[in-house]
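K.L.:
The file below is protein-v8.cif, mmCIF, C-alpha atoms:
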data_protein
#
loop_
_atom_site.group_PDB
_atom_site.id
_atom_site.type_symbol
_atom_site.label_atom_id
_atom_site.label_comp_id
_atom_site.auth_asym_id
_atom_site.auth_seq_id
_atom_site.Cartn_x
_atom_site.Cartn_y
_atom_site.Cartn_z
ATOM 1 C CA MET A 816 -51.412 10.474 -60.921
ATOM 2 C CA THR A 817 -48.910 10.131 -63.709
ATOM 3 C CA SER A 818 -49.905 13.041 -65.988
ATOM 4 C CA ARG A 819 -48.872 16.645 -65.530
ATOM 5 C CA LEU A 820 -50.148 18.158 -62.278
ATOM 6 C CA PRO A 821 -50.693 21.731 -61.109
ATOM 7 C CA LYS A 822 -48.006 23.059 -58.777
ATOM 8 C CA LEU A 823 -50.596 23.791 -56.069
ATOM 9 C CA ILE A 824 -53.926 22.204 -55.235
ATOM 10 C CA ALA A 825 -56.129 23.963 -52.687
ATOM 11 C CA PHE A 826 -59.143 22.666 -50.832
ATOM 12 C CA ASP A 827 -61.985 24.320 -49.009
ATOM 13 C CA LEU A 828 -62.696 22.557 -45.702
ATOM 14 C CA ASP A 829 -66.432 22.550 -44.903
ATOM 15 C CA TYR A 830 -68.373 20.055 -47.031
ATOM 16 C CA THR A 831 -65.289 19.584 -49.189
ATOM 17 C CA LEU A 832 -62.862 17.700 -46.926
ATOM 18 C CA TRP A 833 -65.300 17.026 -44.067
ATOM 19 C CA ASP A 834 -69.094 16.821 -43.724
ATOM 20 C CA PHE A 835 -69.887 19.785 -41.487
ATOM 21 C CA TRP A 836 -69.453 23.515 -40.993
ATOM 22 C CA ILE A 837 -66.711 23.781 -38.399
ATOM 23 C CA ASP A 838 -68.079 27.111 -37.102
ATOM 24 C CA THR A 839 -71.686 25.985 -36.523
ATOM 25 C CA HIS A 840 -71.797 22.172 -36.246
ATOM 26 C CA VAL A 841 -68.793 21.531 -34.008
ATOM 27 C CA TYR A 842 -68.471 22.344 -30.299
ATOM 28 C CA PRO A 843 -65.019 22.862 -28.774
ATOM 29 C CA PRO A 844 -62.921 21.642 -27.209
ATOM 30 C CA LEU A 845 -62.024 18.777 -29.516
ATOM 31 C CA LYS A 846 -60.330 15.673 -28.195
ATOM 32 C CA ARG A 847 -58.643 12.646 -29.713
ATOM 33 C CA ASP A 848 -59.150 9.215 -28.167
ATOM 34 C CA PRO A 849 -55.624 7.971 -27.354
ATOM 35 C CA THR A 850 -56.514 4.372 -28.222
ATOM 36 C CA THR A 851 -58.580 4.705 -31.413
ATOM 37 C CA GLY A 852 -57.317 8.076 -32.648
ATOM 38 C CA THR A 853 -60.922 9.171 -33.221
ATOM 39 C CA VAL A 854 -61.516 12.917 -32.805
ATOM 40 C CA ILE A 855 -64.794 14.097 -31.273
ATOM 41 C CA ASP A 856 -66.273 17.427 -30.256
ATOM 42 C CA ASN A 857 -67.827 18.443 -26.927
ATOM 43 C CA SER A 858 -71.528 18.274 -27.829
ATOM 44 C CA CYS A 859 -74.121 16.218 -25.909
ATOM 45 C CA LYS A 860 -74.005 13.648 -28.717
ATOM 46 C CA PRO A 861 -70.320 13.912 -29.662
ATOM 47 C CA LYS A 862 -69.696 14.442 -33.366
ATOM 48 C CA THR A 863 -66.852 12.545 -34.986
ATOM 49 C CA ILE A 864 -64.448 14.966 -36.658
ATOM 50 C CA ASP A 865 -62.945 13.288 -39.711
ATOM 51 C CA PHE A 866 -62.385 13.570 -43.451
ATOM 52 C CA TYR A 867 -64.471 12.031 -46.218
ATOM 53 C CA LYS A 868 -63.165 8.507 -46.893
ATOM 54 C CA ASP A 869 -61.006 9.222 -50.011
ATOM 55 C CA ILE A 870 -59.223 12.271 -48.545
ATOM 56 C CA PRO A 871 -56.338 10.506 -46.742
ATOM 57 C CA GLN A 872 -55.095 8.691 -49.858
ATOM 58 C CA ILE A 873 -55.632 11.811 -52.017
ATOM 59 C CA LEU A 874 -53.382 13.758 -49.625
ATOM 60 C CA HIS A 875 -50.737 11.010 -49.721
ATOM 61 C CA ARG A 876 -50.739 10.893 -53.550
ATOM 62 C CA LEU A 877 -50.480 14.663 -53.940
ATOM 63 C CA GLN A 878 -47.689 14.912 -51.384
ATOM 64 C CA ALA A 879 -45.766 12.045 -53.023
ATOM 65 C CA ALA A 880 -46.134 13.796 -56.398
ATOM 66 C CA GLY A 881 -44.601 16.989 -54.989
ATOM 67 C CA VAL A 882 -47.763 19.087 -55.325
ATOM 68 C CA ALA A 883 -48.099 21.938 -52.807
ATOM 69 C CA ILE A 884 -51.305 21.443 -50.793
ATOM 70 C CA ALA A 885 -53.298 24.351 -49.372
ATOM 71 C CA ALA A 886 -56.445 24.799 -47.298
ATOM 72 C CA CYS A 887 -58.567 27.854 -48.127
ATOM 73 C CA SER A 888 -61.547 28.391 -45.852
ATOM 74 C CA ARG A 889 -63.598 31.472 -45.007
ATOM 75 C CA THR A 890 -64.787 29.938 -41.708
ATOM 76 C CA ASP A 891 -65.550 32.131 -38.748
ATOM 77 C CA ALA A 892 -63.756 29.547 -36.567
ATOM 78 C CA PRO A 893 -60.187 29.481 -37.919
ATOM 79 C CA VAL A 894 -58.653 28.359 -34.616
ATOM 80 C CA LEU A 895 -61.069 25.422 -34.374
ATOM 81 C CA ALA A 896 -60.424 24.480 -38.021
ATOM 82 C CA ARG A 897 -56.661 24.410 -37.408
ATOM 83 C CA GLU A 898 -57.217 22.388 -34.236
ATOM 84 C CA ALA A 899 -59.272 19.833 -36.186
ATOM 85 C CA LEU A 900 -56.544 19.562 -38.840
ATOM 86 C CA SER A 901 -53.966 19.079 -36.081
ATOM 87 C CA LEU A 902 -55.955 16.339 -34.332
ATOM 88 C CA ILE A 903 -57.225 14.312 -37.314
ATOM 89 C CA LEU A 904 -54.816 11.482 -37.996
ATOM 90 C CA VAL A 905 -54.274 10.400 -41.598
ATOM 91 C CA PRO A 906 -53.606 6.661 -41.803
ATOM 92 C CA PRO A 907 -50.460 5.496 -43.579
ATOM 93 C CA ARG A 908 -50.485 5.390 -47.370
ATOM 94 C CA THR A 909 -52.028 2.239 -48.813
ATOM 95 C CA GLY A 910 -49.268 -0.272 -49.414
ATOM 96 C CA SER A 911 -46.780 1.342 -47.018
ATOM 97 C CA ASP A 912 -44.833 -0.865 -44.636
ATOM 98 C CA SER A 913 -46.435 -2.020 -41.407
ATOM 99 C CA SER A 914 -44.275 0.244 -39.250
ATOM 100 C CA ALA A 915 -45.773 3.414 -40.816
ATOM 101 C CA LYS A 916 -47.712 5.497 -38.317
ATOM 102 C CA PRO A 917 -50.676 7.859 -38.775
ATOM 103 C CA ILE A 918 -49.728 11.491 -39.466
ATOM 104 C CA PRO A 919 -51.574 14.599 -38.225
ATOM 105 C CA ALA A 920 -53.506 15.958 -41.208
ATOM 106 C CA ILE A 921 -52.086 19.455 -40.798
ATOM 107 C CA LYS A 922 -48.623 18.145 -41.792
ATOM 108 C CA PHE A 923 -49.894 17.551 -45.349
ATOM 109 C CA PHE A 924 -50.735 21.229 -45.836
ATOM 110 C CA ASP A 925 -47.991 23.512 -47.100
ATOM 111 C CA GLN A 926 -50.203 26.596 -46.846
ATOM 112 C CA LEU A 927 -53.198 27.510 -44.685
ATOM 113 C CA GLU A 928 -55.453 30.424 -45.607
ATOM 114 C CA ILE A 929 -58.167 29.933 -43.005
ATOM 115 C CA TYR A 930 -59.986 33.117 -42.018
ATOM 116 C CA PRO A 931 -63.183 35.004 -42.914
ATOM 117 C CA SER A 932 -62.583 36.632 -46.292
ATOM 118 C CA SER A 933 -63.127 36.089 -49.973
ATOM 119 C CA LYS A 934 -61.399 33.249 -51.773
ATOM 120 C CA ILE A 935 -59.877 35.893 -54.070
ATOM 121 C CA LYS A 936 -57.958 37.235 -51.064
ATOM 122 C CA HIS A 937 -56.957 33.702 -50.034
ATOM 123 C CA PHE A 938 -55.490 33.008 -53.484
ATOM 124 C CA LYS A 939 -53.744 36.360 -53.724
ATOM 125 C CA LYS A 940 -52.040 35.479 -50.429
ATOM 126 C CA LEU A 941 -51.126 32.005 -51.707
ATOM 127 C CA HIS A 942 -49.613 33.541 -54.832
ATOM 128 C CA GLU A 943 -47.732 36.132 -52.759
ATOM 129 C CA LYS A 944 -46.341 33.521 -50.337
ATOM 130 C CA THR A 945 -45.453 30.809 -52.866
ATOM 131 C CA GLY A 946 -44.760 32.666 -56.109
ATOM 132 C CA ILE A 947 -46.773 29.971 -57.891
ATOM 133 C CA PRO A 948 -48.669 31.386 -60.894
ATOM 134 C CA TYR A 949 -52.471 31.287 -60.617
ATOM 135 C CA GLU A 950 -52.586 29.164 -63.773
ATOM 136 C CA GLU A 951 -50.681 26.458 -61.857
ATOM 137 C CA MET A 952 -53.371 26.307 -59.140
ATOM 138 C CA LEU A 953 -56.434 24.070 -58.895
ATOM 139 C CA PHE A 954 -59.148 24.703 -56.297
ATOM 140 C CA PHE A 955 -61.856 22.362 -55.004
ATOM 141 C CA ASP A 956 -64.844 23.886 -53.172
ATOM 142 C CA ASP A 957 -68.494 23.023 -52.507
ATOM 143 C CA GLU A 958 -69.835 26.550 -53.192
ATOM 144 C CA TRP A 959 -70.328 27.945 -56.719
ATOM 145 C CA ARG A 960 -69.778 31.521 -55.504
ATOM 146 C CA ASN A 961 -66.122 30.683 -54.979
ATOM 147 C CA GLN A 962 -65.717 30.114 -58.697
ATOM 148 C CA GLU A 963 -64.743 33.810 -58.596
ATOM 149 C CA VAL A 964 -61.111 32.648 -58.263
ATOM 150 C CA GLU A 965 -61.162 31.871 -61.990
ATOM 151 C CA GLU A 966 -60.886 35.653 -62.531
ATOM 152 C CA LEU A 967 -57.301 35.256 -61.298
ATOM 153 C CA GLY A 968 -56.567 32.271 -63.551
ATOM 154 C CA VAL A 969 -57.112 29.558 -60.912
ATOM 155 C CA THR A 970 -59.022 26.492 -62.157
ATOM 156 C CA PHE A 971 -62.121 25.862 -60.029
ATOM 157 C CA THR A 972 -63.866 22.511 -59.543
ATOM 158 C CA LEU A 973 -67.195 22.240 -57.748
ATOM 159 C CA VAL A 974 -67.477 19.549 -55.062
ATOM 160 C CA PRO A 975 -71.206 18.747 -54.826
ATOM 161 C CA ASN A 976 -71.215 16.042 -52.112
ATOM 162 C CA GLY A 977 -67.762 15.822 -50.558
ATOM 163 C CA LEU A 978 -64.440 15.339 -52.288
ATOM 164 C CA ASN A 979 -63.609 11.913 -53.688
ATOM 165 C CA ASP A 980 -61.255 10.351 -56.228
ATOM 166 C CA ARG A 981 -63.703 10.882 -59.101
ATOM 167 C CA ILE A 982 -63.956 14.637 -58.443
ATOM 168 C CA ILE A 983 -60.164 14.951 -58.081
ATOM 169 C CA GLU A 984 -59.719 13.340 -61.500
ATOM 170 C CA LYS A 985 -62.434 15.582 -62.988
ATOM 171 C CA GLY A 986 -60.664 18.672 -61.640
ATOM 172 C CA LEU A 987 -57.306 17.510 -62.986
ATOM 173 C CA ARG A 988 -58.846 16.898 -66.431
ATOM 174 C CA GLU A 989 -60.365 20.407 -66.399
ATOM 175 C CA TRP A 990 -57.034 21.931 -65.370
ATOM 176 C CA ARG A 991 -55.105 20.011 -68.063
ATOM 177 C CA LYS A 992 -57.641 21.028 -70.704
ATOM 178 C CA LYS A 993 -57.197 24.705 -69.777
ATOM 179 C CA HIS A 994 -53.411 24.390 -69.516
ATOM 180 C CA PRO A 995 -52.122 21.930 -72.101
ATOM 181 C CA VAL A 996 -48.411 21.264 -72.144
ATOM 182 C CA GLN A 997 -46.741 23.905 -74.277
ATOM 183 C CA VAL A 998 -43.880 22.750 -76.486
ATOM 184 C CA ASN A 999 -41.335 25.549 -76.747
ATOM 185 C CA ASP A 1000 -38.775 23.749 -78.882
ATOM 186 C CA ASP A 1001 -38.326 25.302 -82.294
ATOM 187 C CA ALA A 1002 -38.891 22.916 -85.169
ATOM 188 C CA VAL A 1003 -35.627 22.307 -87.026
ATOM 189 C CA GLY A 1004 -34.822 20.694 -90.340
ATOM 190 C CA ALA A 1005 -32.407 17.816 -90.908
ATOM 191 C CA ASP A 1006 -29.568 20.316 -91.358
ATOM 192 C CA GLY A 1007 -30.321 22.024 -88.024
ATOM 193 C CA THR A 1008 -31.830 25.225 -89.461
ATOM 194 C CA PRO A 1009 -35.070 26.478 -87.902
ATOM 195 C CA ILE A 1010 -38.294 25.846 -89.815
ATOM 196 C CA SER A 1011 -40.651 28.789 -89.568
#
Let's see the structure in the file written out as structure tokens.
P.N.:
Amino acid sequence: MTSRLPKLIAFDLDYTLWDFWIDTHVYPPLKRDPTTGTVIDNSCKPKTIDFYKDIPQILHRLQAAGVAIAACSRTDAPVLAREALSLILVPPRTGSDSSAKPIPAIKFFDQLEIYPSSKIKHFKKLHEKTGIPYEEMLFFDDEWRNQEVEELGVTFTLVPNGLNDRIIEKGLREWRKKHPVQVNDDAVGADGTPIS
């Protein structure tokens, strides 16, 4: 990620960062195995609660680049969603030293808008809390209906089968195309006078 980036990138949770609906497919309480770090739910056949495989390194790269990271979910189980984010451990960044330890996923998120509501409301709250212009926001979600955020100026990218590196790059290309770098310097002649 060396090109210009949005100031904030937001992610839906269900079928965007993980492969389930937290409010209907997961049974509390959740627990993390102290040896393996694996998080499971309380169903008869315990479900593993984890991200799609590319998510940990995506989070590391965005954080290292100074991009604000947000979660925007309309789930009916906001407490359970936050619990899952708190329990999932993100492995150290690829190439980090051997003493690096896993980090709770929730620590990567600068903002959490997790409650039943429209994504428009979620983004209005993000804008209110951060002051970041909508045009500097990129949103990844698995549902087309949430493309409504583009009315605000947010760039929307559909996630058809779970977020991965390819979809992140596609979203960044779309955002850059909509928001090319603007050069504000006035053109000046050799003598320093402005050229109009």
K.L.:
Here's a test: counting only C-alpha atoms, identify every protein, DNA and RNA residue with an atom at most 9 Å from (-59.6, 33.4, -51.6) in the file's coordinate frame, and state them as a PDB file with C-alpha atoms, in the frame of the given file.
P.N.:
ATOM      1  CA  CYS A 887     -58.567  27.854 -48.127  1.00  0.00           C
ATOM      2  CA  SER A 888     -61.547  28.391 -45.852  1.00  0.00           C
ATOM      3  CA  ARG A 889     -63.598  31.472 -45.007  1.00  0.00           C
ATOM      4  CA  GLU A 928     -55.453  30.424 -45.607  1.00  0.00           C
ATOM      5  CA  SER A 932     -62.583  36.632 -46.292  1.00  0.00           C
ATOM      6  CA  SER A 933     -63.127  36.089 -49.973  1.00  0.00           C
ATOM      7  CA  LYS A 934     -61.399  33.249 -51.773  1.00  0.00           C
ATOM      8  CA  ILE A 935     -59.877  35.893 -54.070  1.00  0.00           C
ATOM      9  CA  LYS A 936     -57.958  37.235 -51.064  1.00  0.00           C
ATOM     10  CA  HIS A 937     -56.957  33.702 -50.034  1.00  0.00           C
ATOM     11  CA  PHE A 938     -55.490  33.008 -53.484  1.00  0.00           C
ATOM     12  CA  LYS A 939     -53.744  36.360 -53.724  1.00  0.00           C
ATOM     13  CA  LYS A 940     -52.040  35.479 -50.429  1.00  0.00           C
ATOM     14  CA  LEU A 941     -51.126  32.005 -51.707  1.00  0.00           C
ATOM     15  CA  ASN A 961     -66.122  30.683 -54.979  1.00  0.00           C
ATOM     16  CA  GLU A 963     -64.743  33.810 -58.596  1.00  0.00           C
ATOM     17  CA  VAL A 964     -61.111  32.648 -58.263  1.00  0.00           C
TER      18      VAL A 964
END
K.L.:
Grab the atom CA of A:Val996 to atom CA of A:Phe923 distance for me, in Å with one decimal place.
P.N.:
27.1 Å
K.L.:
What would the selection look like, as a PyMOL selection string, if the PyMOL selection byres ((chain A and resi 870) around 9) were run on the coordinates I just shared?
P.N.:
chain A and resi 832-833+866-869+871-875+905+978-980
K.L.:
Kindly indicate which residue among A:Pro821, A:Lys916, A:Arg981, A:Asp865 lies nearest to A:Lys993, using all atoms listed in the file for the distances.
P.N.:
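Of the candidates, the smallest distance to A:Lys993 is held by A:Pro821.
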K.L.:
Can you list, as a list in words, the residues that the PyMOL selection byres ((chain A and resi 882) around 8) selects here?
P.N.:
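Checked against the file, the PyMOL selection byres ((chain A and resi 882) around 8) matches Leu820, Pro821, Lys822, Leu823, Ile824, Leu877, Gln878, Ala879, Ala880, Gly881, Ala883 and Ile884 of chain A.
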K.L.:
Take the PyMOL selection byres ((chain A and resi 854) around 7), run it mentally on this structure, and tell me the resulting residues as a VMD selection string.
P.N.:
chain A and resid 845 to 848 852 to 853 855 863 to 864 902 to 903
K.L.:
In the coordinate frame of the file, compute which residues have an atom within 12 Å of (-49.0, 29.1, -64.8) when using all atoms listed in the file, and state them as number ranges by chain.
P.N.:
A: 820-823, 942, 946-953, 967-970, 990-991, 993-997
K.L.:
Record the distance separating atom CA of A:Thr972 and atom CA of A:Thr839, expressed in Å with one decimal.
P.N.:
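Distance between the two atoms: 24.6 Å.
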K.L.:
What is the distance, in Å and to one decimal place, between atom CA of A:His840 and atom CA of A:Leu904?
P.N.:
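Computing the Euclidean distance for atom CA of A:His840 and atom CA of A:Leu904 yields 20.1 Å.
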K.L.:
Can you list, as a PyMOL selection string, every protein, DNA or RNA residue that comes within 7 Å of A:Asn857 when you count only C-alpha atoms, leaving out same-chain residues fewer than 2 positions away?
P.N.:
chain A and resi 842-845+855+859+861
K.L.:
Taking into account all atoms listed in the file, which residue in the set A:Phe924, A:Glu958, A:Thr851, A:Ser858 is nearest to A:Gly977?
P.N.:
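Looking at the shortest contact to A:Gly977, the residue is A:Glu958.
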K.L.:
Name all residues at most 8 Å from A:Ile837 (count all atoms listed in the file; drop same-chain ones fewer than 3 positions away) and give them as a ChimeraX atom specification.
P.N.:
/A:829,840-841,890,892,895-896
K.L.:
Please determine, counting all atoms listed in the file, which residue among A:Gln926, A:Ser913, A:Gln962, A:Ser901 has the shortest atom-to-atom distance to A:Ala886.
P.N.:
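Using all atoms listed in the file, A:Ala886 sits closest to A:Gln926.
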